[in-house]
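Undergrad: Input file: structure.cif. Contents: mmCIF, C-alpha atoms.
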data_upload
loop_
_atom_site.group_PDB
_atom_site.id
_atom_site.type_symbol
_atom_site.label_atom_id
_atom_site.label_comp_id
_atom_site.auth_asym_id
_atom_site.auth_seq_id
_atom_site.Cartn_x
_atom_site.Cartn_y
_atom_site.Cartn_z
ATOM 1 C CA MET A 1 5.652 -155.800 -81.488
ATOM 2 C CA LEU A 2 5.590 -152.690 -79.305
ATOM 3 C CA LEU A 3 8.646 -151.519 -77.350
ATOM 4 C CA VAL A 4 7.477 -149.942 -74.087
ATOM 5 C CA ILE A 5 9.840 -147.724 -72.069
ATOM 6 C CA ASP A 6 9.022 -146.476 -68.562
ATOM 7 C CA ALA A 7 11.775 -144.115 -67.422
ATOM 8 C CA GLY A 8 11.451 -143.140 -63.765
ATOM 9 C CA ASN A 9 13.705 -141.335 -61.345
ATOM 10 C CA THR A 10 15.292 -144.562 -60.080
ATOM 11 C CA ASN A 11 15.043 -147.113 -62.902
ATOM 12 C CA VAL A 12 14.270 -147.419 -66.607
ATOM 13 C CA VAL A 13 12.055 -150.387 -67.460
ATOM 14 C CA PHE A 14 11.944 -151.760 -71.002
ATOM 15 C CA ALA A 15 9.289 -154.241 -72.112
ATOM 16 C CA VAL A 16 7.981 -155.769 -75.339
ATOM 17 C CA TYR A 17 4.281 -156.397 -75.963
ATOM 18 C CA ASP A 18 3.347 -158.586 -78.925
ATOM 19 C CA GLY A 19 -0.316 -157.600 -79.089
ATOM 20 C CA ALA A 20 -1.482 -160.416 -76.839
ATOM 21 C CA LYS A 21 1.060 -160.777 -74.044
ATOM 22 C CA TRP A 22 4.255 -159.351 -72.584
ATOM 23 C CA ARG A 23 7.321 -161.044 -74.065
ATOM 24 C CA GLY A 24 9.684 -159.766 -71.393
ATOM 25 C CA THR A 25 10.596 -156.891 -69.076
ATOM 26 C CA TRP A 26 14.071 -155.593 -68.283
ATOM 27 C CA ARG A 27 15.229 -152.985 -65.775
ATOM 28 C CA ILE A 28 18.314 -150.758 -65.636
ATOM 29 C CA THR A 29 19.351 -147.980 -63.253
ATOM 30 C CA MET A 30 18.368 -144.498 -64.362
ATOM 31 C CA GLN A 31 21.343 -142.423 -65.493
ATOM 32 C CA ALA A 32 20.073 -139.400 -67.385
ATOM 33 C CA GLN A 33 23.216 -139.145 -69.534
ATOM 34 C CA ARG A 34 23.389 -142.831 -70.482
ATOM 35 C CA THR A 35 23.732 -142.792 -74.281
ATOM 36 C CA SER A 36 21.535 -144.536 -76.817
ATOM 37 C CA ASP A 37 24.470 -146.777 -77.774
ATOM 38 C CA GLU A 38 24.904 -147.890 -74.165
ATOM 39 C CA TYR A 39 21.212 -148.716 -73.920
ATOM 40 C CA ALA A 40 21.389 -150.587 -77.235
ATOM 41 C CA VAL A 41 24.308 -152.857 -76.284
ATOM 42 C CA TRP A 42 22.464 -153.933 -73.137
ATOM 43 C CA LEU A 43 18.921 -154.124 -74.510
ATOM 44 C CA LEU A 44 19.612 -155.857 -77.824
ATOM 45 C CA ALA A 45 21.461 -158.651 -76.037
ATOM 46 C CA LEU A 46 18.486 -159.201 -73.726
ATOM 47 C CA LEU A 47 16.041 -159.159 -76.623
ATOM 48 C CA ARG A 48 18.077 -161.774 -78.485
ATOM 49 C CA MET A 49 17.857 -164.056 -75.462
ATOM 50 C CA GLN A 50 14.059 -163.926 -75.891
ATOM 51 C CA GLY A 51 14.241 -164.536 -79.635
ATOM 52 C CA ILE A 52 13.374 -160.929 -80.506
ATOM 53 C CA SER A 53 15.330 -158.902 -83.057
ATOM 54 C CA ALA A 54 15.376 -155.161 -83.626
ATOM 55 C CA ASP A 55 13.473 -155.710 -86.888
ATOM 56 C CA ASP A 56 10.568 -157.251 -84.950
ATOM 57 C CA ILE A 57 9.829 -153.927 -83.217
ATOM 58 C CA GLU A 58 7.115 -152.050 -85.120
ATOM 59 C CA GLY A 59 6.438 -149.217 -82.705
ATOM 60 C CA ALA A 60 7.547 -147.690 -79.415
ATOM 61 C CA VAL A 61 6.096 -145.624 -76.595
ATOM 62 C CA ILE A 62 8.016 -143.730 -73.910
ATOM 63 C CA GLY A 63 6.787 -142.433 -70.583
ATOM 64 C CA THR A 64 9.285 -140.495 -68.504
ATOM 65 C CA VAL A 65 9.431 -138.063 -65.600
ATOM 66 C CA VAL A 66 13.144 -137.378 -66.305
ATOM 67 C CA PRO A 67 13.301 -134.897 -69.218
ATOM 68 C CA ALA A 68 17.100 -135.152 -69.479
ATOM 69 C CA ALA A 69 16.837 -138.868 -70.359
ATOM 70 C CA LEU A 70 14.366 -138.375 -73.201
ATOM 71 C CA TYR A 71 16.863 -137.447 -75.923
ATOM 72 C CA HIS A 72 18.893 -140.640 -75.538
ATOM 73 C CA LEU A 73 15.815 -142.884 -75.277
ATOM 74 C CA ARG A 74 14.254 -141.338 -78.371
ATOM 75 C CA THR A 75 17.548 -141.713 -80.237
ATOM 76 C CA LEU A 76 17.661 -145.366 -79.177
ATOM 77 C CA CYS A 77 14.270 -145.964 -80.809
ATOM 78 C CA ARG A 78 15.199 -144.101 -83.974
ATOM 79 C CA GLN A 79 18.701 -145.414 -84.598
ATOM 80 C CA TRP A 80 18.471 -148.978 -83.356
ATOM 81 C CA PHE A 81 14.821 -149.889 -83.974
ATOM 82 C CA ALA A 82 13.942 -147.502 -86.841
ATOM 83 C CA VAL A 83 10.731 -146.333 -85.146
ATOM 84 C CA GLU A 84 9.589 -142.918 -83.971
ATOM 85 C CA PRO A 85 8.361 -143.312 -80.374
ATOM 86 C CA LEU A 86 5.077 -141.987 -79.067
ATOM 87 C CA LEU A 87 5.821 -139.723 -76.096
ATOM 88 C CA ALA A 88 3.316 -139.890 -73.251
ATOM 89 C CA SER A 89 2.031 -136.436 -72.306
ATOM 90 C CA ALA A 90 -1.136 -134.844 -70.962
ATOM 91 C CA ARG A 91 -1.956 -133.592 -74.465
ATOM 92 C CA LEU A 92 -2.595 -137.049 -75.928
ATOM 93 C CA ASP A 93 -5.957 -138.805 -76.078
ATOM 94 C CA TRP A 94 -6.296 -140.491 -72.683
ATOM 95 C CA GLY A 95 -9.998 -141.243 -72.958
ATOM 96 C CA PHE A 96 -10.715 -139.298 -69.769
ATOM 97 C CA SER A 97 -10.540 -135.760 -68.418
ATOM 98 C CA ILE A 98 -7.655 -134.554 -66.258
ATOM 99 C CA LYS A 99 -9.266 -132.493 -63.502
ATOM 100 C CA MET A 100 -6.167 -130.531 -62.506
ATOM 101 C CA ASP A 101 -5.396 -126.808 -62.433
ATOM 102 C CA ASN A 102 -2.523 -127.435 -64.865
ATOM 103 C CA PRO A 103 -2.698 -130.877 -66.525
ATOM 104 C CA ASP A 104 0.771 -130.486 -68.062
ATOM 105 C CA GLU A 105 2.414 -130.507 -64.628
ATOM 106 C CA VAL A 106 1.061 -133.934 -63.677
ATOM 107 C CA GLY A 107 3.698 -136.670 -63.899
ATOM 108 C CA VAL A 108 2.823 -138.940 -66.811
ATOM 109 C CA ASP A 109 3.482 -141.979 -64.620
ATOM 110 C CA ARG A 110 0.517 -140.949 -62.473
ATOM 111 C CA LEU A 111 -1.746 -140.557 -65.508
ATOM 112 C CA LEU A 112 -0.561 -143.899 -66.881
ATOM 113 C CA ASN A 113 -1.308 -145.622 -63.576
ATOM 114 C CA GLY A 114 -4.788 -144.113 -63.528
ATOM 115 C CA LEU A 115 -5.443 -145.139 -67.130
ATOM 116 C CA ALA A 116 -4.387 -148.749 -66.597
ATOM 117 C CA ALA A 117 -6.072 -149.059 -63.208
ATOM 118 C CA HIS A 118 -9.478 -147.957 -64.474
ATOM 119 C CA HIS A 119 -9.132 -150.012 -67.663
ATOM 120 C CA LEU A 120 -8.221 -153.195 -65.781
ATOM 121 C CA TYR A 121 -10.103 -152.846 -62.495
ATOM 122 C CA GLY A 122 -12.819 -150.234 -62.929
ATOM 123 C CA GLY A 123 -13.464 -147.337 -60.581
ATOM 124 C CA PRO A 124 -13.644 -145.347 -58.505
ATOM 125 C CA LEU A 125 -10.230 -146.135 -57.086
ATOM 126 C CA THR A 126 -7.059 -144.865 -55.479
ATOM 127 C CA VAL A 127 -3.711 -145.912 -56.939
ATOM 128 C CA ILE A 128 -0.719 -145.956 -54.580
ATOM 129 C CA ASP A 129 2.672 -146.032 -56.305
ATOM 130 C CA PHE A 130 5.716 -146.850 -54.172
ATOM 131 C CA GLY A 131 8.392 -145.139 -56.239
ATOM 132 C CA THR A 132 10.972 -142.459 -55.550
ATOM 133 C CA ALA A 133 7.968 -140.617 -54.118
ATOM 134 C CA THR A 134 4.936 -142.368 -52.670
ATOM 135 C CA THR A 135 1.953 -141.099 -54.645
ATOM 136 C CA PHE A 136 -1.780 -141.512 -54.188
ATOM 137 C CA ASP A 137 -3.868 -140.885 -57.305
ATOM 138 C CA VAL A 138 -7.651 -140.675 -57.362
ATOM 139 C CA VAL A 139 -9.696 -141.874 -60.341
ATOM 140 C CA ASP A 140 -13.485 -141.512 -60.404
ATOM 141 C CA HIS A 141 -16.044 -144.013 -61.701
ATOM 142 C CA GLU A 142 -15.787 -142.519 -65.215
ATOM 143 C CA GLY A 143 -12.015 -142.897 -65.262
ATOM 144 C CA SER A 144 -11.245 -139.191 -64.886
ATOM 145 C CA TYR A 145 -8.042 -138.260 -63.082
ATOM 146 C CA CYS A 146 -9.038 -136.188 -60.040
ATOM 147 C CA GLY A 147 -5.677 -135.416 -58.415
ATOM 148 C CA GLY A 148 -3.931 -136.969 -55.482
ATOM 149 C CA VAL A 149 -1.264 -136.849 -52.801
ATOM 150 C CA ILE A 150 2.543 -136.885 -53.002
ATOM 151 C CA ALA A 151 4.579 -138.052 -49.996
ATOM 152 C CA PRO A 152 8.320 -138.732 -49.645
ATOM 153 C CA GLY A 153 9.353 -142.163 -50.863
ATOM 154 C CA ILE A 154 10.383 -144.794 -48.360
ATOM 155 C CA ASN A 155 14.002 -145.032 -49.512
ATOM 156 C CA LEU A 156 14.335 -141.242 -49.523
ATOM 157 C CA SER A 157 13.066 -141.105 -45.943
ATOM 158 C CA VAL A 158 15.456 -143.812 -44.787
ATOM 159 C CA GLU A 159 18.429 -142.085 -46.422
ATOM 160 C CA ALA A 160 17.455 -138.693 -44.994
ATOM 161 C CA LEU A 161 17.179 -140.204 -41.512
ATOM 162 C CA HIS A 162 20.672 -141.657 -41.767
ATOM 163 C CA GLN A 163 22.241 -138.468 -43.137
ATOM 164 C CA ALA A 164 20.583 -136.077 -40.705
ATOM 165 C CA ALA A 165 21.172 -138.070 -37.503
ATOM 166 C CA ALA A 166 24.841 -138.807 -36.835
ATOM 167 C CA ARG A 167 24.281 -141.884 -34.683
ATOM 168 C CA LEU A 168 21.613 -143.564 -36.790
ATOM 169 C CA PRO A 169 22.919 -146.181 -39.264
ATOM 170 C CA ARG A 170 21.801 -146.694 -42.828
ATOM 171 C CA ILE A 171 19.246 -149.521 -42.917
ATOM 172 C CA GLY A 172 17.481 -151.438 -45.651
ATOM 173 C CA VAL A 173 13.720 -151.275 -46.041
ATOM 174 C CA GLY A 174 12.012 -154.398 -44.785
ATOM 175 C CA ARG A 175 9.385 -155.735 -42.452
ATOM 176 C CA PRO A 176 10.515 -155.854 -38.807
ATOM 177 C CA ALA A 177 11.656 -159.304 -37.683
ATOM 178 C CA VAL A 178 8.991 -159.404 -34.990
ATOM 179 C CA ASP A 179 5.420 -158.118 -34.940
ATOM 180 C CA SER A 180 6.082 -155.860 -31.949
ATOM 181 C CA VAL A 181 6.057 -152.184 -32.867
ATOM 182 C CA ILE A 182 8.424 -151.362 -30.003
ATOM 183 C CA GLY A 183 12.031 -151.913 -31.074
ATOM 184 C CA ARG A 184 14.526 -153.228 -28.497
ATOM 185 C CA ASN A 185 17.563 -151.775 -30.269
ATOM 186 C CA THR A 186 18.278 -148.871 -32.608
ATOM 187 C CA VAL A 187 18.019 -150.801 -35.873
ATOM 188 C CA ALA A 188 14.816 -152.545 -34.785
ATOM 189 C CA ALA A 189 13.322 -149.222 -33.745
ATOM 190 C CA MET A 190 14.216 -147.677 -37.108
ATOM 191 C CA ARG A 191 12.797 -150.612 -39.068
ATOM 192 C CA SER A 192 9.602 -150.400 -37.058
ATOM 193 C CA GLY A 193 9.314 -146.666 -37.606
ATOM 194 C CA VAL A 194 9.804 -146.952 -41.360
ATOM 195 C CA PHE A 195 7.543 -149.969 -41.914
ATOM 196 C CA TRP A 196 4.695 -149.253 -39.504
ATOM 197 C CA GLY A 197 5.023 -145.509 -40.047
ATOM 198 C CA TYR A 198 4.317 -145.949 -43.742
ATOM 199 C CA ILE A 199 1.519 -148.407 -43.038
ATOM 200 C CA GLY A 200 -0.054 -145.685 -40.898
ATOM 201 C CA LEU A 201 0.488 -143.121 -43.655
ATOM 202 C CA ILE A 202 -1.109 -145.414 -46.253
ATOM 203 C CA GLU A 203 -4.151 -146.286 -44.169
ATOM 204 C CA GLY A 204 -4.625 -142.731 -42.937
ATOM 205 C CA ILE A 205 -4.477 -141.061 -46.343
ATOM 206 C CA VAL A 206 -6.699 -143.708 -47.962
ATOM 207 C CA GLU A 207 -9.328 -143.179 -45.266
ATOM 208 C CA ARG A 208 -9.193 -139.392 -45.655
ATOM 209 C CA ILE A 209 -9.565 -139.737 -49.443
ATOM 210 C CA ARG A 210 -12.616 -141.957 -48.947
ATOM 211 C CA GLN A 211 -14.165 -139.441 -46.558
ATOM 212 C CA GLU A 212 -13.504 -136.549 -48.939
ATOM 213 C CA VAL A 213 -14.874 -138.406 -51.971
ATOM 214 C CA GLY A 214 -17.844 -139.630 -49.959
ATOM 215 C CA GLN A 215 -17.847 -143.217 -51.181
ATOM 216 C CA ASP A 216 -15.948 -146.442 -50.902
ATOM 217 C CA MET A 217 -13.097 -146.889 -53.379
ATOM 218 C CA LYS A 218 -10.915 -149.719 -54.576
ATOM 219 C CA VAL A 219 -7.265 -149.375 -53.592
ATOM 220 C CA LEU A 220 -4.566 -150.520 -55.989
ATOM 221 C CA ALA A 221 -0.844 -150.662 -55.143
ATOM 222 C CA THR A 222 2.081 -150.684 -57.565
ATOM 223 C CA GLY A 223 5.819 -150.090 -57.452
ATOM 224 C CA GLY A 224 8.702 -152.183 -56.180
ATOM 225 C CA LEU A 225 7.797 -152.016 -52.494
ATOM 226 C CA ALA A 226 4.061 -152.643 -52.909
ATOM 227 C CA PRO A 227 4.319 -156.392 -52.111
ATOM 228 C CA LEU A 228 6.256 -155.627 -48.933
ATOM 229 C CA PHE A 229 3.699 -153.194 -47.560
ATOM 230 C CA SER A 230 0.805 -155.428 -48.574
ATOM 231 C CA GLU A 231 2.050 -157.754 -45.814
ATOM 232 C CA GLY A 232 1.232 -155.159 -43.166
ATOM 233 C CA THR A 233 -2.221 -153.929 -44.197
ATOM 234 C CA THR A 234 -5.482 -155.149 -45.669
ATOM 235 C CA VAL A 235 -6.243 -151.824 -47.361
ATOM 236 C CA PHE A 236 -5.074 -152.975 -50.818
ATOM 237 C CA ASP A 237 -7.604 -154.654 -53.086
ATOM 238 C CA HIS A 238 -4.974 -155.416 -55.737
ATOM 239 C CA VAL A 239 -1.185 -155.292 -56.128
ATOM 240 C CA ASP A 240 -0.073 -154.875 -59.756
ATOM 241 C CA SER A 241 3.607 -154.468 -60.613
ATOM 242 C CA MET A 242 2.869 -154.032 -64.357
ATOM 243 C CA LEU A 243 0.491 -151.102 -63.988
ATOM 244 C CA THR A 244 2.594 -148.334 -65.568
ATOM 245 C CA LEU A 245 3.699 -150.573 -68.448
ATOM 246 C CA ASN A 246 0.078 -151.511 -69.121
ATOM 247 C CA GLY A 247 -0.804 -147.825 -69.067
ATOM 248 C CA LEU A 248 1.779 -147.178 -71.768
ATOM 249 C CA ARG A 249 0.580 -149.962 -74.063
ATOM 250 C CA ILE A 250 -3.073 -148.887 -73.574
ATOM 251 C CA LEU A 251 -2.120 -145.277 -74.365
ATOM 252 C CA ALA A 252 -0.282 -146.434 -77.495
ATOM 253 C CA GLY A 253 -3.424 -148.257 -78.555
ATOM 254 C CA ARG A 254 -5.500 -145.082 -78.218
ATOM 255 C CA ASN A 255 -3.166 -142.803 -80.176
ATOM 256 C CA PRO A 256 -1.628 -143.112 -83.645
ATOM 257 C CA LEU A 257 2.053 -144.037 -83.460
ATOM 258 C CA PRO A 258 4.343 -141.504 -85.171
ATOM 259 C CA ARG A 259 6.080 -142.584 -88.364
ATOM 260 C CA LEU A 260 9.809 -142.335 -88.913
ATOM 261 C CA THR A 261 10.504 -140.853 -92.332
ATOM 262 C CA ILE A 262 14.212 -141.688 -92.574
ATOM 263 C CA GLU A 263 15.025 -145.162 -93.884
ATOM 264 C CA LYS A 264 16.618 -147.667 -91.533
ATOM 265 C CA ASP A 265 19.793 -148.127 -93.623
ATOM 266 C CA LEU A 266 20.473 -144.394 -93.537
ATOM 267 C CA LEU A 267 20.018 -144.359 -89.767
ATOM 268 C CA THR A 268 22.449 -147.244 -89.399
ATOM 269 C CA GLU A 269 25.031 -145.625 -91.621
ATOM 270 C CA GLY A 270 24.670 -142.303 -89.810
#
Kindly return the structure encoded in the file as structure tokens.

TA:
Amino acid sequence: MLLVIDAGNTNVVFAVYDGAKWRGTWRITMQAQRTSDEYAVWLLALLRMQGISADDIEGAVIGTVVPAALYHLRTLCRQWFAVEPLLASARLDWGFSIKMDNPDEVGVDRLLNGLAAHHLYGGPLTVIDFGTATTFDVVDHEGSYCGGVIAPGINLSVEALHQAAARLPRIGVGRPAVDSVIGRNTVAAMRSGVFWGYIGLIEGIVERIRQEVGQDMKVLATGGLAPLFSEGTTVFDHVDSMLTLNGLRILAGRNPLPRLTIEKDLLTEG
């Protein structure tokens, strides 16, 4: 079984893939200084509920855009599962070219999304990820990563609006209660601006990408808010919440997993 860890700016997602299917996914808030022991207490209990023990894990892969969290996640794999994790980076074998000025500066989550999207859906395509930032990533028909667009995330925009304007309340992200764009009160106006404003951003950027590329492209959405925004536009061809996790397990299948040289009993005793 493969332990898959996707550590983003907001959440850390753990999942187990048994070679044929996902056995479970679990999510915890990102805290960069959360220790490996804290992760272990929480994760091992969840694994036991699915009938999975630490001994069942034969390999691990980590993708993270939070460097400060890497030490504790790698220690978790070593001490509690006795495996050396594969670390996703631009220098691994992705099976495609990264057409960027500096490939090392590209967030691995964006490369993972591109890898999984082309593997599962073909190309060319644009992947929109509704995370801490809203990213648009372009993959050509050969699967090569061609670059993209980074915009502020929805929750960041909502929080900035509340903090910068004294009389505007903090609101949750959601579809307006009515289809009218014009809000009849402050909260309704804010909800409309956030929801329909981002729909306009999505549709506008996708159309500009299509014009620049010069051909029609599939559009794939992922991230926690993708289902919400799919209610307001027909631009998405697919919504896939497992995209980054699938990218990690595909990447692990393309690259040899590192081997841990220290025996498990010594790790446990240490």

Undergrad: On this file, the PyMOL selection byres ((chain A and resi 10) around 10) gives some set of residues; write that set as a list in words.

TA: Ala7, Gly8, Asn9, Asn11, Val12, Val13, Ile28, Thr29, Met30, Gln31, Val66, Gly131 and Thr132 of chain A

Undergrad: Identify which of the residues A:Leu3, A:Pro85, A:Ala151, A:Lys218 lies closest to A:Asp18, counting all atoms listed in the file when measuring atom-to-atom distances.

TA: A:Leu3

Undergrad: Write out as number ranges by chain each polymer residue whose atoms come within 9 Å of A:Gly107, counting all atoms listed in the file; drop sequence neighbours fewer than 6 positions from it.

TA: A: 64-65, 89-90

Undergrad: Write out, as a PDB file, in the frame of the given file, the residues just selected, with C-alpha atoms.

TA:
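The resulting file, out.pdb, is reproduced below:
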ATOM      1  CA  THR A  64       9.285-140.495 -68.504  1.00  0.00           C
ATOM      2  CA  VAL A  65       9.431-138.063 -65.600  1.00  0.00           C
ATOM      3  CA  SER A  89       2.031-136.436 -72.306  1.00  0.00           C
ATOM      4  CA  ALA A  90      -1.136-134.844 -70.962  1.00  0.00           C
TER       5      ALA A  90
END

Undergrad: Please tell me which residues are no farther than 10 Å from (2.0, -138.3, -53.4) in the file, counting all atoms listed in the file, and write them as a list in words.

TA: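 Here the neighbourhood of the point contains Arg110, Ile128, Asp129, Phe130, Gly131, Ala133, Thr134, Thr135, Phe136, Asp137, Gly147, Gly148, Val149, Ile150, Ala151, Pro152, Gly153 and Ile205 of chain A.
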
Undergrad: What does the structure give for the distance between atom CA of A:Leu156 and atom CA of A:Arg170, in Å to one decimal?

TA: 11.4 Å

Undergrad: Starting from the PyMOL selection byres ((chain A and resi 92) around 12), expand the selection into actual residues of this file and give them as a list in words.

TA: Leu86, Leu87, Ala88, Ser89, Ala90, Arg91, Asp93, Trp94, Gly95, Phe96, Ser97, Ile98, Pro103, Asp104, Val108, Leu111, Leu112, Leu248, Leu251, Ala252, Gly253, Arg254, Asn255, Pro256 and Leu257 of chain A

Undergrad: Between atom CA of A:Trp22 and atom CA of A:His238, measure the distance and give it in Å to one decimal.

TA: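 Interatomic distance here is 19.6 Å.
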
Undergrad: Enumerate, as a short mmCIF file (atom, residue, chain, number, x, y, z; two decimals) with C-alpha atoms, in the coordinates of the input, the residues matched when the PyMOL selection byres ((chain A and resi 142) around 12) is run on the file above.

TA:
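Everything below was put into expr24.cif:
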data_model
loop_
_atom_site.label_atom_id
_atom_site.label_comp_id
_atom_site.auth_asym_id
_atom_site.auth_seq_id
_atom_site.Cartn_x
_atom_site.Cartn_y
_atom_site.Cartn_z
CA GLY A 95 -10.00 -141.24 -72.96
CA PHE A 96 -10.72 -139.30 -69.77
CA SER A 97 -10.54 -135.76 -68.42
CA ILE A 98 -7.66 -134.55 -66.26
CA GLY A 114 -4.79 -144.11 -63.53
CA LEU A 115 -5.44 -145.14 -67.13
CA ALA A 117 -6.07 -149.06 -63.21
CA HIS A 118 -9.48 -147.96 -64.47
CA HIS A 119 -9.13 -150.01 -67.66
CA GLY A 122 -12.82 -150.23 -62.93
CA GLY A 123 -13.46 -147.34 -60.58
CA PRO A 124 -13.64 -145.35 -58.50
CA LEU A 125 -10.23 -146.14 -57.09
CA VAL A 138 -7.65 -140.68 -57.36
CA VAL A 139 -9.70 -141.87 -60.34
CA ASP A 140 -13.48 -141.51 -60.40
CA HIS A 141 -16.04 -144.01 -61.70
CA GLY A 143 -12.02 -142.90 -65.26
CA SER A 144 -11.24 -139.19 -64.89
CA TYR A 145 -8.04 -138.26 -63.08
CA CYS A 146 -9.04 -136.19 -60.04
#

Undergrad: Go through A:Leu201, A:Ala160, A:Cys77, A:Ile5 and flag the residue nearest A:Ala40, using all atoms listed in the file for the distances.

TA: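 The answer is A:Cys77, which sits nearest to A:Ala40.
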
Undergrad: What is the distance between atom CA of A:Ala165 and atom CA of A:Ala189, in Å to one decimal?

TA: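 Atom-to-atom, atom CA of A:Ala165 to atom CA of A:Ala189, that is 14.1 Å.
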
Undergrad: Once 8 Å is added on each side, what centre and edge lengths in Å to one decimal does the axis-aligned box around all listed atoms of stretch 51-58 of chain A have, as lines of an AutoDock Vina configuration file?

TA:
center_x = 11.2
center_y = -158.3
center_z = -83.3
size_x = 24.3
size_y = 28.5
size_z = 23.3

Undergrad: Given all atoms listed in the file as the basis, pick out the residue of A:Val194, A:Asp109, A:Arg23, A:Leu70 nearest to A:Arg48.

TA: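 Of A:Val194, A:Asp109, A:Arg23, A:Leu70, the one nearest A:Arg48, counting all atoms listed in the file, is A:Arg23.
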
Undergrad: Need to verify the contact set: stretch 229-235 of chain A, 9 Å, only C-alpha atoms, exclusion of same-chain residues closer than 4 positions in sequence. Can you return it as a list in words?

TA: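 The filter keeps Gly174, Arg175, Phe195, Trp196, Tyr198, Ile199, Ile202, Glu203, Val206, Lys218, Val219, Leu220, Ala221, Leu225 and Val239 of chain A.
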
Undergrad: Which residue gives the smallest distance to A:Asp6 among A:Ile62, A:Val187, A:Leu243, A:Leu161, with all atoms listed in the file counted?

TA: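 Distance minimum relative to A:Asp6 lands on A:Ile62.
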
Undergrad: Which residue, A:Glu84, A:Ala226, A:Ser53, A:Val127, has the smallest gap to A:Pro258 when you use all atoms listed in the file?

TA: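 Closest to A:Pro258, using all atoms listed in the file: A:Glu84.
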